[in-house]
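Peer 1: First the structure, which I've put down as structure tokens, then a few questions once you've had a look.
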Amino acid sequence: MSDRPSPSSNQLPLLGVTQASAMLIGIVVGIGIFKTPPVVAANVDSALAFIGLWAAGGLLTLVGALCYAELGTSRPHAGGEYHYLKEAYGDGLSFLFAWGRMTVIQTGAIAAVAFAYGDYAAAVVPFGSSGAALHAAAAILVLSALQLAGTTSSGKLQLALTVAGVTAILIVAIAGFMAAPDLGPQGHANVTSDSGAAGLALVFILLTYGGWNEAAYLSGEIRDVRRNMVRVLLIGTGIVTALYLLINVALVLSVGLDGLRQEKLVTEPVEKVLGTGGVLAVALIVCVAALSTLNGTIFTGARSMFALGRSYPLFGRLGDRNAGNGAPSTAIVLQAAIALSLVAFGATTRDGFTAMVEYTAPVFWMFMALIGLSLIVFRWREPQRDLPFPVPLYPLTPIVFCATALYLVHASIAYTGVGALAGLAILASGVPVYLLARRSEISAQAAAGGLSAAGRASGEVVGPPGFEPGTRRL
């Protein structure tokens, strides 16, 4: 069977290896690399472990992306992970994923990125001790309001922001290598911490590598996917890993591991070389990149909430669109309200960004493990199914991915505070909500059947308001 579509195909894959690799890099490289190195440094015992974990993160990212590539090419669907979970395990688990994405994963990610933006924005425009939280809340409010108005960013702007992010990484890295001689022979020695928690460090590292699960959906647009998909993943993750190793080696050389632990931002090497003006310039670049990430996260999060509203009558209001511009208004407003409440919670902690990562991590990695397992479930159920891109080294690859995800669930609970438990409790609250949603759906379907019978008798077409029975599959 040929990998190339017929001339009559509605979707013609046009991306070559270089284009697809560049898109993968643009999706993965984001604000995290400017926030997580100090947190990772605080949870390892040596510079070697610090650099080694960043390299391991790149390898594990490739493993996860390969698993998603098989799922994305063999079961292409707009519902993504929701669809995989529904097909593998049924309605209940897929609903819990949608509930967890709405209340924990996506909204927690919005709050985390907003805090990362706030930390750098506060370096440019200080607002006192609560500056980061105030900047974070303002960014969520403004970007949500813009999306209510129907504003979207162009592909060219997104490319420019990706270039800006990579440029900021290179500036910090080059400044770090230039600043290293200033420290003298003892500048990065005497690491005395014995409280390392490598599992928690890996949670933050893989957050920084995050985005590969979205990048895997590029598989439907790549020419000769059987041959080129592995090349795209190797090139893309390889370049991202190289960029992350470059900046982290530079940070260790310039400020030392102990020094890095004391930093909240990663701009100290820039200040050593370029002064305060250089720090402000890098902070502005990082702020712009963070706003781009935040805008995209708000956009996709609202659309998944909209899909939930179109699937269950209990959440029917989330399926409303603005009559003028088509924006999912109710979903945007509710998402902003949840994210702002998480910002308020994070503001009471020592570090809002860290608190939000702890809040989302166990729920996120629990579902990642189930999605990885679904690949094995599908192979077992349908051994004859055609796989445009079979994952290499099966079943070792999905087993490694699932084991990693389960370890990260453990680590994110064992080494964190109440945030992780709060996230799991919110997820568990989705069980009674699901039962209520199912009851509401059954009632709506029964009502639709009765109304349809009455409508047929009167010649009218009727149905329950705000619910489309044909949209159950996302």
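Chain labels follow the order of the structure tokens: the first chain is A, the next B, and so on; residue numbering restarts at 1 in every chain, and ligands are counted from 1 in their shown order.
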Under the rule of at most 9 Å, produce a per-residue listing of region 116-166 of chain A near region 352-372 of chain A: chain, number, name, the closest pair of atoms, and the distance in Å, as JSON lines, using only C-alpha atoms.
Peer 2:
```
{"residue": "A:Ala116", "atom": "CA", "partner": "A:Phe353", "partner_atom": "CA", "distance": 6.1}
{"residue": "A:Asp119", "atom": "CA", "partner": "A:Phe353", "partner_atom": "CA", "distance": 8.9}
{"residue": "A:Ala132", "atom": "CA", "partner": "A:Gly352", "partner_atom": "CA", "distance": 8.4}
{"residue": "A:Ala133", "atom": "CA", "partner": "A:Gly352", "partner_atom": "CA", "distance": 7.6}
```
Peer 1: Region 32-242 of chain A: which residues are helix (DSSP H, G or I) by DSSP, as a compact mmCIF listing (two decimals) with N, CA and C atoms, in the first residue's frame?
Peer 2:
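File selection_17.txt, as written:
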```txt
# COMPACT_ATOMS: atom_id res chain seq x y z
N GLY A 32 9.38 26.97 29.24
CA GLY A 32 9.86 26.13 30.33
C GLY A 32 11.36 26.18 30.53
N ILE A 33 12.13 26.24 29.44
CA ILE A 33 13.58 26.20 29.56
C ILE A 33 14.11 27.42 30.30
N PHE A 34 13.35 28.47 30.39
CA PHE A 34 13.78 29.67 31.11
C PHE A 34 13.32 29.68 32.58
N THR A 36 12.72 26.18 34.41
CA THR A 36 12.93 24.91 35.12
C THR A 36 14.36 24.61 35.55
N PRO A 37 15.42 25.12 34.89
CA PRO A 37 16.78 24.75 35.33
C PRO A 37 17.05 24.97 36.82
N PRO A 38 16.65 26.10 37.44
CA PRO A 38 16.89 26.24 38.88
C PRO A 38 16.14 25.19 39.70
N VAL A 39 14.92 24.84 39.29
CA VAL A 39 14.15 23.84 40.03
C VAL A 39 14.82 22.48 39.90
N VAL A 40 15.27 22.14 38.71
CA VAL A 40 15.96 20.86 38.50
C VAL A 40 17.24 20.82 39.32
N ALA A 41 17.99 21.92 39.31
CA ALA A 41 19.25 21.98 40.06
C ALA A 41 19.03 21.74 41.55
N ALA A 47 26.48 18.16 39.27
CA ALA A 47 26.35 18.74 37.93
C ALA A 47 26.22 17.65 36.88
N LEU A 48 26.90 16.52 37.10
CA LEU A 48 26.80 15.41 36.15
C LEU A 48 25.38 14.87 36.10
N ALA A 49 24.75 14.71 37.26
CA ALA A 49 23.36 14.25 37.29
C ALA A 49 22.45 15.27 36.64
N PHE A 50 22.72 16.54 36.85
CA PHE A 50 21.93 17.61 36.26
C PHE A 50 21.93 17.52 34.74
N ILE A 51 23.11 17.43 34.14
CA ILE A 51 23.22 17.36 32.68
C ILE A 51 22.70 16.02 32.18
N GLY A 52 22.99 14.93 32.93
CA GLY A 52 22.54 13.61 32.51
C GLY A 52 21.03 13.50 32.44
N LEU A 53 20.34 14.11 33.38
CA LEU A 53 18.87 14.06 33.38
C LEU A 53 18.30 14.84 32.20
N TRP A 54 18.93 15.95 31.82
CA TRP A 54 18.46 16.68 30.64
C TRP A 54 18.64 15.86 29.37
N ALA A 55 19.75 15.12 29.30
CA ALA A 55 19.95 14.23 28.14
C ALA A 55 18.94 13.09 28.15
N ALA A 56 18.67 12.52 29.34
CA ALA A 56 17.68 11.45 29.44
C ALA A 56 16.30 11.96 29.06
N GLY A 57 16.00 13.20 29.43
CA GLY A 57 14.71 13.79 29.06
C GLY A 57 14.51 13.84 27.56
N GLY A 58 15.58 14.17 26.82
CA GLY A 58 15.48 14.17 25.36
C GLY A 58 15.21 12.79 24.80
N LEU A 59 15.87 11.76 25.37
CA LEU A 59 15.66 10.39 24.91
C LEU A 59 14.24 9.92 25.21
N LEU A 60 13.74 10.22 26.42
CA LEU A 60 12.38 9.81 26.78
C LEU A 60 11.34 10.57 25.95
N THR A 61 11.65 11.79 25.58
CA THR A 61 10.75 12.55 24.70
C THR A 61 10.62 11.86 23.35
N LEU A 62 11.73 11.38 22.82
CA LEU A 62 11.71 10.65 21.55
C LEU A 62 10.88 9.38 21.67
N VAL A 63 11.03 8.65 22.79
CA VAL A 63 10.25 7.42 22.99
C VAL A 63 8.76 7.73 22.99
N GLY A 64 8.34 8.77 23.73
CA GLY A 64 6.93 9.13 23.76
C GLY A 64 6.41 9.57 22.41
N ALA A 65 7.22 10.36 21.69
CA ALA A 65 6.80 10.83 20.37
C ALA A 65 6.62 9.68 19.39
N LEU A 66 7.48 8.66 19.46
CA LEU A 66 7.35 7.50 18.58
C LEU A 66 6.03 6.76 18.85
N CYS A 67 5.67 6.63 20.14
CA CYS A 67 4.40 5.97 20.47
C CYS A 67 3.22 6.76 19.93
N TYR A 68 3.25 8.07 20.12
CA TYR A 68 2.17 8.90 19.63
C TYR A 68 2.11 8.91 18.10
N ALA A 69 3.25 8.75 17.46
CA ALA A 69 3.26 8.73 16.00
C ALA A 69 2.49 7.53 15.47
N GLU A 70 2.65 6.37 16.11
CA GLU A 70 1.87 5.21 15.67
C GLU A 70 0.38 5.44 15.90
N LEU A 71 0.02 5.95 17.08
CA LEU A 71 -1.39 6.21 17.36
C LEU A 71 -1.96 7.25 16.40
N GLY A 72 -1.20 8.31 16.14
CA GLY A 72 -1.70 9.38 15.28
C GLY A 72 -1.88 8.97 13.84
N THR A 73 -1.00 8.08 13.33
CA THR A 73 -1.10 7.67 11.93
C THR A 73 -2.10 6.54 11.74
N SER A 74 -2.24 5.66 12.74
CA SER A 74 -3.15 4.53 12.59
C SER A 74 -4.58 4.87 12.99
N GLU A 81 -6.06 12.40 22.14
CA GLU A 81 -5.96 11.49 23.29
C GLU A 81 -7.33 11.03 23.78
N TYR A 82 -8.31 11.93 23.75
CA TYR A 82 -9.66 11.56 24.17
C TYR A 82 -10.15 10.36 23.34
N HIS A 83 -9.91 10.40 22.05
CA HIS A 83 -10.34 9.34 21.15
C HIS A 83 -9.62 8.02 21.48
N TYR A 84 -8.31 8.09 21.70
CA TYR A 84 -7.57 6.86 22.03
C TYR A 84 -8.12 6.23 23.30
N LEU A 85 -8.34 7.04 24.33
CA LEU A 85 -8.84 6.52 25.60
C LEU A 85 -10.25 5.95 25.46
N LYS A 86 -11.08 6.60 24.68
CA LYS A 86 -12.45 6.14 24.48
C LYS A 86 -12.46 4.81 23.74
N GLU A 87 -11.65 4.71 22.69
CA GLU A 87 -11.61 3.47 21.91
C GLU A 87 -11.00 2.32 22.70
N ALA A 88 -10.03 2.64 23.55
CA ALA A 88 -9.35 1.57 24.29
C ALA A 88 -10.10 1.14 25.54
N TYR A 89 -10.71 2.11 26.26
CA TYR A 89 -11.24 1.80 27.58
C TYR A 89 -12.71 2.17 27.78
N ASP A 91 -16.29 4.94 27.65
CA ASP A 91 -16.74 6.30 27.92
C ASP A 91 -16.23 6.86 29.24
N GLY A 92 -16.24 6.04 30.29
CA GLY A 92 -15.93 6.55 31.62
C GLY A 92 -14.56 7.17 31.72
N LEU A 93 -13.54 6.45 31.25
CA LEU A 93 -12.17 6.94 31.35
C LEU A 93 -11.93 8.13 30.43
N SER A 94 -12.53 8.10 29.25
CA SER A 94 -12.36 9.23 28.34
C SER A 94 -13.03 10.49 28.91
N PHE A 95 -14.17 10.32 29.61
CA PHE A 95 -14.80 11.47 30.25
C PHE A 95 -13.89 12.03 31.35
N LEU A 96 -13.30 11.13 32.16
CA LEU A 96 -12.41 11.59 33.22
C LEU A 96 -11.22 12.36 32.64
N PHE A 97 -10.74 11.93 31.47
CA PHE A 97 -9.66 12.67 30.82
C PHE A 97 -10.13 14.07 30.44
N ALA A 98 -11.32 14.16 29.84
CA ALA A 98 -11.85 15.47 29.47
C ALA A 98 -12.07 16.35 30.71
N TRP A 99 -12.58 15.73 31.78
CA TRP A 99 -12.78 16.47 33.04
C TRP A 99 -11.43 16.93 33.62
N GLY A 100 -10.45 16.01 33.63
CA GLY A 100 -9.14 16.36 34.15
C GLY A 100 -8.44 17.41 33.31
N ARG A 101 -8.64 17.36 32.01
CA ARG A 101 -8.04 18.36 31.14
C ARG A 101 -8.65 19.73 31.42
N MET A 102 -9.96 19.77 31.69
CA MET A 102 -10.64 21.04 31.93
C MET A 102 -10.28 21.63 33.28
N THR A 103 -10.17 20.79 34.31
CA THR A 103 -10.02 21.29 35.68
C THR A 103 -8.59 21.25 36.20
N VAL A 104 -7.74 20.41 35.59
CA VAL A 104 -6.39 20.24 36.13
C VAL A 104 -5.32 20.47 35.07
N ILE A 105 -5.34 19.66 34.00
CA ILE A 105 -4.20 19.62 33.09
C ILE A 105 -4.06 20.93 32.30
N GLN A 106 -5.09 21.29 31.54
CA GLN A 106 -4.98 22.45 30.67
C GLN A 106 -5.01 23.76 31.46
N THR A 107 -5.94 23.86 32.40
CA THR A 107 -6.02 25.09 33.19
C THR A 107 -4.79 25.24 34.08
N GLY A 108 -4.27 24.11 34.61
CA GLY A 108 -3.04 24.17 35.38
C GLY A 108 -1.86 24.59 34.52
N ALA A 109 -1.83 24.12 33.27
CA ALA A 109 -0.77 24.53 32.35
C ALA A 109 -0.87 26.02 32.03
N ILE A 110 -2.09 26.52 31.87
CA ILE A 110 -2.28 27.95 31.63
C ILE A 110 -1.73 28.76 32.80
N ALA A 111 -2.06 28.34 34.02
CA ALA A 111 -1.58 29.05 35.20
C ALA A 111 -0.06 28.96 35.32
N ALA A 112 0.51 27.79 35.01
CA ALA A 112 1.97 27.62 35.10
C ALA A 112 2.69 28.53 34.11
N VAL A 113 2.23 28.55 32.85
CA VAL A 113 2.85 29.42 31.85
C VAL A 113 2.66 30.89 32.24
N ALA A 114 1.49 31.22 32.78
CA ALA A 114 1.23 32.59 33.20
C ALA A 114 2.19 33.01 34.31
N PHE A 115 2.47 32.09 35.25
CA PHE A 115 3.43 32.41 36.32
C PHE A 115 4.83 32.57 35.75
N ALA A 116 5.20 31.72 34.78
CA ALA A 116 6.52 31.86 34.16
C ALA A 116 6.63 33.22 33.48
N TYR A 117 5.58 33.61 32.77
CA TYR A 117 5.56 34.94 32.18
C TYR A 117 5.66 36.02 33.26
N GLY A 118 4.89 35.84 34.34
CA GLY A 118 4.86 36.83 35.40
C GLY A 118 6.21 37.05 36.05
N ASP A 119 6.99 35.98 36.23
CA ASP A 119 8.30 36.11 36.85
C ASP A 119 9.22 36.99 36.01
N TYR A 120 9.19 36.81 34.69
CA TYR A 120 10.04 37.62 33.83
C TYR A 120 9.46 39.02 33.63
N ALA A 121 8.14 39.12 33.53
CA ALA A 121 7.52 40.44 33.38
C ALA A 121 7.78 41.30 34.61
N ALA A 122 7.81 40.67 35.79
CA ALA A 122 8.08 41.42 37.02
C ALA A 122 9.50 41.97 37.05
N ALA A 123 10.41 41.34 36.28
CA ALA A 123 11.77 41.87 36.18
C ALA A 123 11.81 43.13 35.33
N VAL A 124 10.81 43.29 34.46
CA VAL A 124 10.73 44.47 33.60
C VAL A 124 9.89 45.56 34.25
N GLY A 131 4.07 40.69 42.40
CA GLY A 131 4.17 41.08 40.99
C GLY A 131 3.96 39.96 40.01
N ALA A 132 4.57 38.79 40.27
CA ALA A 132 4.44 37.67 39.33
C ALA A 132 2.99 37.24 39.20
N ALA A 133 2.28 37.13 40.32
CA ALA A 133 0.88 36.71 40.29
C ALA A 133 0.00 37.73 39.59
N LEU A 134 0.27 39.02 39.82
CA LEU A 134 -0.52 40.07 39.17
C LEU A 134 -0.31 40.07 37.67
N HIS A 135 0.95 39.94 37.25
CA HIS A 135 1.23 39.84 35.81
C HIS A 135 0.57 38.60 35.21
N ALA A 136 0.63 37.48 35.93
CA ALA A 136 0.03 36.23 35.44
C ALA A 136 -1.47 36.40 35.24
N ALA A 137 -2.14 36.96 36.24
CA ALA A 137 -3.59 37.15 36.15
C ALA A 137 -3.95 38.10 35.02
N ALA A 138 -3.19 39.17 34.89
CA ALA A 138 -3.47 40.15 33.83
C ALA A 138 -3.32 39.51 32.45
N ALA A 139 -2.29 38.67 32.26
CA ALA A 139 -2.08 38.02 30.96
C ALA A 139 -3.25 37.11 30.62
N ILE A 140 -3.71 36.33 31.59
CA ILE A 140 -4.85 35.43 31.35
C ILE A 140 -6.09 36.23 30.99
N LEU A 141 -6.35 37.31 31.70
CA LEU A 141 -7.54 38.13 31.44
C LEU A 141 -7.47 38.76 30.05
N VAL A 142 -6.34 39.35 29.72
CA VAL A 142 -6.22 40.04 28.43
C VAL A 142 -6.30 39.07 27.26
N LEU A 143 -5.58 37.97 27.33
CA LEU A 143 -5.58 37.02 26.21
C LEU A 143 -6.94 36.33 26.08
N SER A 144 -7.59 36.04 27.20
CA SER A 144 -8.93 35.45 27.12
C SER A 144 -9.91 36.44 26.50
N ALA A 145 -9.79 37.72 26.86
CA ALA A 145 -10.66 38.74 26.28
C ALA A 145 -10.43 38.87 24.78
N LEU A 146 -9.18 38.79 24.36
CA LEU A 146 -8.87 38.87 22.92
C LEU A 146 -9.47 37.68 22.18
N GLN A 147 -9.44 36.50 22.81
CA GLN A 147 -10.03 35.34 22.14
C GLN A 147 -11.55 35.41 22.13
N LEU A 148 -12.14 36.04 23.13
CA LEU A 148 -13.58 36.27 23.08
C LEU A 148 -13.94 37.16 21.90
N GLY A 155 0.40 32.28 11.25
CA GLY A 155 1.50 31.34 11.23
C GLY A 155 2.85 32.04 11.18
N LYS A 156 2.94 33.16 10.45
CA LYS A 156 4.19 33.90 10.38
C LYS A 156 4.58 34.45 11.74
N LEU A 157 3.59 34.94 12.51
CA LEU A 157 3.88 35.43 13.85
C LEU A 157 4.38 34.30 14.73
N GLN A 158 3.75 33.13 14.62
CA GLN A 158 4.18 32.00 15.43
C GLN A 158 5.62 31.60 15.09
N LEU A 159 5.98 31.65 13.79
CA LEU A 159 7.35 31.34 13.38
C LEU A 159 8.31 32.37 13.98
N ALA A 160 7.92 33.65 13.95
CA ALA A 160 8.78 34.70 14.50
C ALA A 160 9.00 34.50 16.00
N LEU A 161 7.96 34.07 16.70
CA LEU A 161 8.08 33.85 18.14
C LEU A 161 8.95 32.64 18.44
N THR A 162 8.88 31.62 17.57
CA THR A 162 9.76 30.46 17.74
C THR A 162 11.22 30.88 17.57
N VAL A 163 11.48 31.68 16.55
CA VAL A 163 12.84 32.19 16.33
C VAL A 163 13.29 33.01 17.54
N ALA A 164 12.37 33.81 18.10
CA ALA A 164 12.71 34.61 19.28
C ALA A 164 13.09 33.73 20.45
N GLY A 165 12.34 32.65 20.66
CA GLY A 165 12.65 31.75 21.76
C GLY A 165 14.00 31.08 21.61
N VAL A 166 14.29 30.58 20.40
CA VAL A 166 15.58 29.94 20.15
C VAL A 166 16.70 30.97 20.30
N THR A 167 16.46 32.20 19.84
CA THR A 167 17.46 33.27 19.97
C THR A 167 17.78 33.54 21.44
N ALA A 168 16.74 33.59 22.27
CA ALA A 168 16.95 33.83 23.70
C ALA A 168 17.78 32.71 24.32
N ILE A 169 17.51 31.45 23.92
CA ILE A 169 18.31 30.32 24.43
C ILE A 169 19.78 30.51 24.06
N LEU A 170 20.03 30.88 22.80
CA LEU A 170 21.41 31.03 22.34
C LEU A 170 22.10 32.20 23.03
N ILE A 171 21.38 33.29 23.27
CA ILE A 171 21.98 34.44 23.97
C ILE A 171 22.41 34.05 25.38
N VAL A 172 21.51 33.37 26.11
CA VAL A 172 21.84 32.95 27.47
C VAL A 172 23.01 31.96 27.45
N ALA A 173 23.00 31.02 26.50
CA ALA A 173 24.06 30.02 26.44
C ALA A 173 25.41 30.67 26.12
N ILE A 174 25.43 31.53 25.13
CA ILE A 174 26.70 32.18 24.76
C ILE A 174 27.20 33.04 25.91
N ALA A 175 26.28 33.78 26.55
CA ALA A 175 26.68 34.59 27.70
C ALA A 175 27.22 33.72 28.83
N GLY A 176 26.62 32.55 29.01
CA GLY A 176 27.09 31.64 30.04
C GLY A 176 28.51 31.17 29.80
N PHE A 177 28.83 30.80 28.55
CA PHE A 177 30.18 30.37 28.24
C PHE A 177 31.18 31.52 28.36
N MET A 178 30.74 32.73 28.01
CA MET A 178 31.61 33.90 28.13
C MET A 178 31.84 34.28 29.59
N ALA A 179 30.84 34.06 30.44
CA ALA A 179 30.95 34.44 31.85
C ALA A 179 31.69 33.42 32.67
N ALA A 180 31.84 32.20 32.17
CA ALA A 180 32.43 31.12 32.96
C ALA A 180 33.81 31.46 33.53
N PRO A 181 34.75 32.08 32.77
CA PRO A 181 36.08 32.36 33.33
C PRO A 181 36.06 33.31 34.51
N ASP A 182 35.00 34.13 34.64
CA ASP A 182 34.96 35.10 35.73
C ASP A 182 34.84 34.45 37.10
N LEU A 183 34.47 33.19 37.15
CA LEU A 183 34.17 32.55 38.43
C LEU A 183 35.41 31.98 39.11
N ALA A 198 15.62 12.86 42.00
CA ALA A 198 15.75 12.80 40.54
C ALA A 198 14.41 12.66 39.86
N GLY A 199 13.46 11.96 40.50
CA GLY A 199 12.14 11.81 39.89
C GLY A 199 11.43 13.13 39.71
N LEU A 200 11.47 13.98 40.74
CA LEU A 200 10.84 15.29 40.64
C LEU A 200 11.57 16.15 39.62
N ALA A 201 12.89 16.06 39.59
CA ALA A 201 13.65 16.80 38.58
C ALA A 201 13.21 16.40 37.18
N LEU A 202 13.00 15.10 36.98
CA LEU A 202 12.58 14.62 35.67
C LEU A 202 11.18 15.10 35.31
N VAL A 203 10.31 15.27 36.30
CA VAL A 203 8.99 15.84 36.05
C VAL A 203 9.11 17.21 35.40
N PHE A 204 9.99 18.05 35.95
CA PHE A 204 10.16 19.40 35.41
C PHE A 204 10.88 19.38 34.07
N ILE A 205 11.82 18.46 33.91
CA ILE A 205 12.54 18.38 32.64
C ILE A 205 11.60 17.97 31.51
N LEU A 206 10.76 16.96 31.75
CA LEU A 206 9.86 16.50 30.70
C LEU A 206 8.73 17.51 30.45
N LEU A 207 8.41 18.32 31.45
CA LEU A 207 7.52 19.45 31.19
C LEU A 207 8.15 20.40 30.18
N THR A 208 9.45 20.64 30.34
CA THR A 208 10.16 21.54 29.44
C THR A 208 10.24 20.99 28.03
N TRP A 212 5.70 17.41 22.42
CA TRP A 212 5.89 16.34 21.45
C TRP A 212 4.58 15.59 21.17
N ASN A 213 3.67 15.54 22.16
CA ASN A 213 2.40 14.83 21.94
C ASN A 213 1.55 15.55 20.90
N GLU A 214 1.69 16.88 20.81
CA GLU A 214 1.03 17.62 19.74
C GLU A 214 1.78 17.45 18.42
N ALA A 215 3.09 17.43 18.50
CA ALA A 215 3.90 17.32 17.28
C ALA A 215 3.66 16.01 16.55
N ALA A 216 3.30 14.96 17.28
CA ALA A 216 3.09 13.67 16.63
C ALA A 216 1.97 13.73 15.60
N TYR A 217 1.04 14.68 15.75
CA TYR A 217 -0.05 14.79 14.80
C TYR A 217 0.42 15.31 13.45
N LEU A 218 1.68 15.73 13.36
CA LEU A 218 2.23 16.11 12.06
C LEU A 218 2.31 14.92 11.12
N SER A 219 2.20 13.72 11.67
CA SER A 219 2.38 12.51 10.86
C SER A 219 1.44 12.45 9.68
N GLY A 220 0.26 13.03 9.81
CA GLY A 220 -0.70 13.01 8.71
C GLY A 220 -0.36 13.95 7.58
N GLU A 221 0.64 14.81 7.81
CA GLU A 221 0.99 15.82 6.79
C GLU A 221 2.40 15.64 6.24
N VAL A 225 5.48 8.94 4.98
CA VAL A 225 5.53 8.92 6.44
C VAL A 225 6.27 7.70 6.98
N ARG A 226 6.18 6.57 6.30
CA ARG A 226 6.85 5.36 6.80
C ARG A 226 8.36 5.57 6.90
N ARG A 227 8.92 6.27 5.94
CA ARG A 227 10.37 6.47 5.90
C ARG A 227 10.80 7.72 6.66
N ASN A 228 9.99 8.78 6.58
CA ASN A 228 10.44 10.08 7.07
C ASN A 228 10.06 10.39 8.52
N MET A 229 9.07 9.66 9.08
CA MET A 229 8.62 10.02 10.42
C MET A 229 9.74 9.88 11.45
N VAL A 230 10.46 8.78 11.40
CA VAL A 230 11.55 8.59 12.35
C VAL A 230 12.62 9.67 12.15
N ARG A 231 12.89 10.02 10.90
CA ARG A 231 13.90 11.06 10.64
C ARG A 231 13.47 12.39 11.23
N VAL A 232 12.19 12.73 11.08
CA VAL A 232 11.68 13.99 11.63
C VAL A 232 11.81 13.99 13.16
N LEU A 233 11.41 12.89 13.79
CA LEU A 233 11.47 12.82 15.24
C LEU A 233 12.91 12.85 15.75
N LEU A 234 13.80 12.15 15.06
CA LEU A 234 15.21 12.16 15.46
C LEU A 234 15.83 13.54 15.30
N ILE A 235 15.57 14.19 14.17
CA ILE A 235 16.15 15.51 13.94
C ILE A 235 15.55 16.54 14.90
N GLY A 236 14.22 16.53 15.01
CA GLY A 236 13.56 17.52 15.85
C GLY A 236 13.94 17.40 17.31
N THR A 237 13.79 16.19 17.87
CA THR A 237 14.12 16.01 19.28
C THR A 237 15.63 16.15 19.51
N GLY A 238 16.42 15.77 18.51
CA GLY A 238 17.87 15.92 18.64
C GLY A 238 18.29 17.37 18.74
N ILE A 239 17.70 18.24 17.91
CA ILE A 239 18.05 19.67 17.96
C ILE A 239 17.56 20.29 19.26
N VAL A 240 16.33 19.95 19.69
CA VAL A 240 15.81 20.48 20.96
C VAL A 240 16.70 20.04 22.11
N THR A 241 17.07 18.75 22.13
CA THR A 241 17.94 18.25 23.19
C THR A 241 19.28 18.98 23.19
N ALA A 242 19.83 19.21 21.98
CA ALA A 242 21.11 19.92 21.89
C ALA A 242 20.98 21.35 22.42
```
Peer 1: Can you work out the spacing between CA of Thr276 (chain A) and CA of Ser130 (chain A) in Å, to one decimal?
Peer 2: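 Pair CA of Thr276 (chain A) / CA of Ser130 (chain A) returns 22.1 Å.
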Peer 1: For the atom pair CA of Val266 (chain A) and CA of Leu24 (chain A), what is the interatomic distance in Å to one decimal place?
Peer 2: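 Pair CA of Val266 (chain A) / CA of Leu24 (chain A) returns 24.1 Å.
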Peer 1: Which one is closest to Pro328 (chain A): A:Ala149, A:Val343, A:Ile426, A:Val44? Count only C-alpha atoms.
Peer 2: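 Of all the options, A:Ala149 lies closest to Pro328 (chain A).
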Peer 1: Which residue, A:Ala337, A:Ile222, A:Leu436, A:Leu373, has the smallest gap to Leu406 (chain A) when you use only C-alpha atoms?
Peer 2: A:Leu373
